[in-house]
Amino acid sequence: MTDCLFCKIIAGEIPGAIVYEDDELVVFRDINPQAPLHVLIVPRRHISTLNDLSPDDDALVGSMMRRAAALAQEHGYGDQGYRAVFNTNRDAGQTVFHIHLHLLAGRGLAWPPG
Ligand code: 5GP
Ligand code: ZN
């Protein structure tokens with residue numbers, strides 16, 4: 001998608017602080033971090049929202065969740081805890097319409113969220 005911020009970061013057209021990448025995922029630091037560790041786990045392929053997933057994407061989403069767990073553990077937060085969340089559309093505050101899994105860790109995270 002030519003007009004998508006995250007597609008541009010993935011393509012290297014806009015700089016991003018990339019912490020992990022493989023053939024299907026790119027992970028970079030959130031520009032406005034809400035916790036000591038706040039990264040975005042993003043598929044290379046453009047998918048606008050969770051509503052646009054198909055059964056063919058099940059393995060991709062599983063890889064995203066398992067990558068969140070791996071990164072949390074690599075950063076030393078596996079035991080103390082972390083949050084992994086997808087925002088979808090207006091009420092959840094989605095602002096970038098290329099799916100991304102937020103991984104937040106390093107402080108107590110309130111529940112329920114705002
Ligand atoms: P959403 O609100 O869609 O769930 O999350 C979008 C996230 O992208 C926000 O947490 C926001 O701080 C982050 N973000 C917005 N623009 C940029 C950018 O240019 N670079 C990076 N690394 N993160 C961004
Ligand atoms: Zn995109």
# chains A, B, ... in the order shown; residues from 1 in each chain; ligands from 1
$ closest_atom_pairs --of "chain A" --to "ligand 1" --cutoff "9 Å" --atoms "only C-alpha atoms and all ligand atoms" --output "tab-separated table"
residue	atom	partner	partner_atom_place_in_ligand_line	distance
A:Leu5	CA	ligand 1	19 (O)	6.7
A:Phe6	CA	ligand 1	18 (C)	7.6
A:Ile9	CA	ligand 1	20 (N)	7.5
A:Ile14	CA	ligand 1	19 (O)	7.6
A:Pro15	CA	ligand 1	20 (N)	7.7
A:Gly16	CA	ligand 1	22 (N)	5.3
A:Ala17	CA	ligand 1	22 (N)	6.6
A:Ile18	CA	ligand 1	22 (N)	8.5
A:Phe28	CA	ligand 1	22 (N)	6.0
A:Arg29	CA	ligand 1	22 (N)	5.2
A:Asp30	CA	ligand 1	23 (N)	4.2
A:Ile31	CA	ligand 1	23 (N)	4.1
A:Asn32	CA	ligand 1	12 (O)	4.3
A:Pro33	CA	ligand 1	12 (O)	6.6
A:Gln34	CA	ligand 1	10 (O)	7.7
A:His38	CA	ligand 1	10 (O)	8.4
A:Val39	CA	ligand 1	22 (N)	8.0
A:Leu40	CA	ligand 1	7 (C)	7.4
A:Val85	CA	ligand 1	4 (O)	8.3
A:Phe86	CA	ligand 1	4 (O)	6.4
A:Asn87	CA	ligand 1	4 (O)	4.6
A:Thr88	CA	ligand 1	4 (O)	7.2
A:Asn89	CA	ligand 1	3 (O)	8.2
A:Ala92	CA	ligand 1	4 (O)	7.6
A:Gly93	CA	ligand 1	2 (O)	5.2
A:Gln94	CA	ligand 1	3 (O)	3.6
A:Thr95	CA	ligand 1	3 (O)	3.6
A:Val96	CA	ligand 1	3 (O)	4.0
A:Phe97	CA	ligand 1	3 (O)	6.4
A:His98	CA	ligand 1	3 (O)	7.8
A:Ile99	CA	ligand 1	3 (O)	7.7
A:His100	CA	ligand 1	4 (O)	7.0
A:Leu101	CA	ligand 1	4 (O)	7.9
A:His102	CA	ligand 1	4 (O)	7.2
$ residues_around --residues "Ala69 of chain A" --least-positions-apart "5" --cutoff "9 Å" --atoms "only C-alpha atoms" --output "compact mmCIF listing (two decimals) with C-alpha atoms, in the first residue's frame"
# COMPACT_ATOMS: atom_id res chain seq x y z
CA MET A 64 2.85 -12.43 15.91
CA GLU A 74 14.31 -11.74 25.82
CA GLY A 78 8.50 -12.95 30.92
CA TYR A 82 3.52 -7.80 29.87
CA ALA A 84 0.05 -7.68 23.98
CA LEU A 103 3.87 -5.26 23.23
$ select_by_dssp --residues "chain A" --states "strand (DSSP E or B)" --output "PyMOL selection string"
chain A and resi 18-21+25-29+37-43+82-85+101-105
$ closest_residue --among "A:Gly62, A:Arg45, A:Asp52, A:Val26" --to "ligand 2" --atoms "only C-alpha atoms and all ligand atoms"
A:Arg45
$ residues_around --residues "Ala35 of chain A" --least-positions-apart "6" --cutoff "7 Å" --atoms "only C-alpha atoms" --output "list in words"
Leu104, Ala105, Gly106 and Arg107 of chain A
$ select_by_dssp --residues "chain A" --states "alpha helix (DSSP H)" --output "PyMOL selection string"
chain A and resi 5-10+58-74+89-92
$ closest_residue --among "A:Gly81, A:Arg90, A:Glu21, A:Ile10" --to "Ser63 of chain A" --atoms "only C-alpha atoms"
A:Glu21
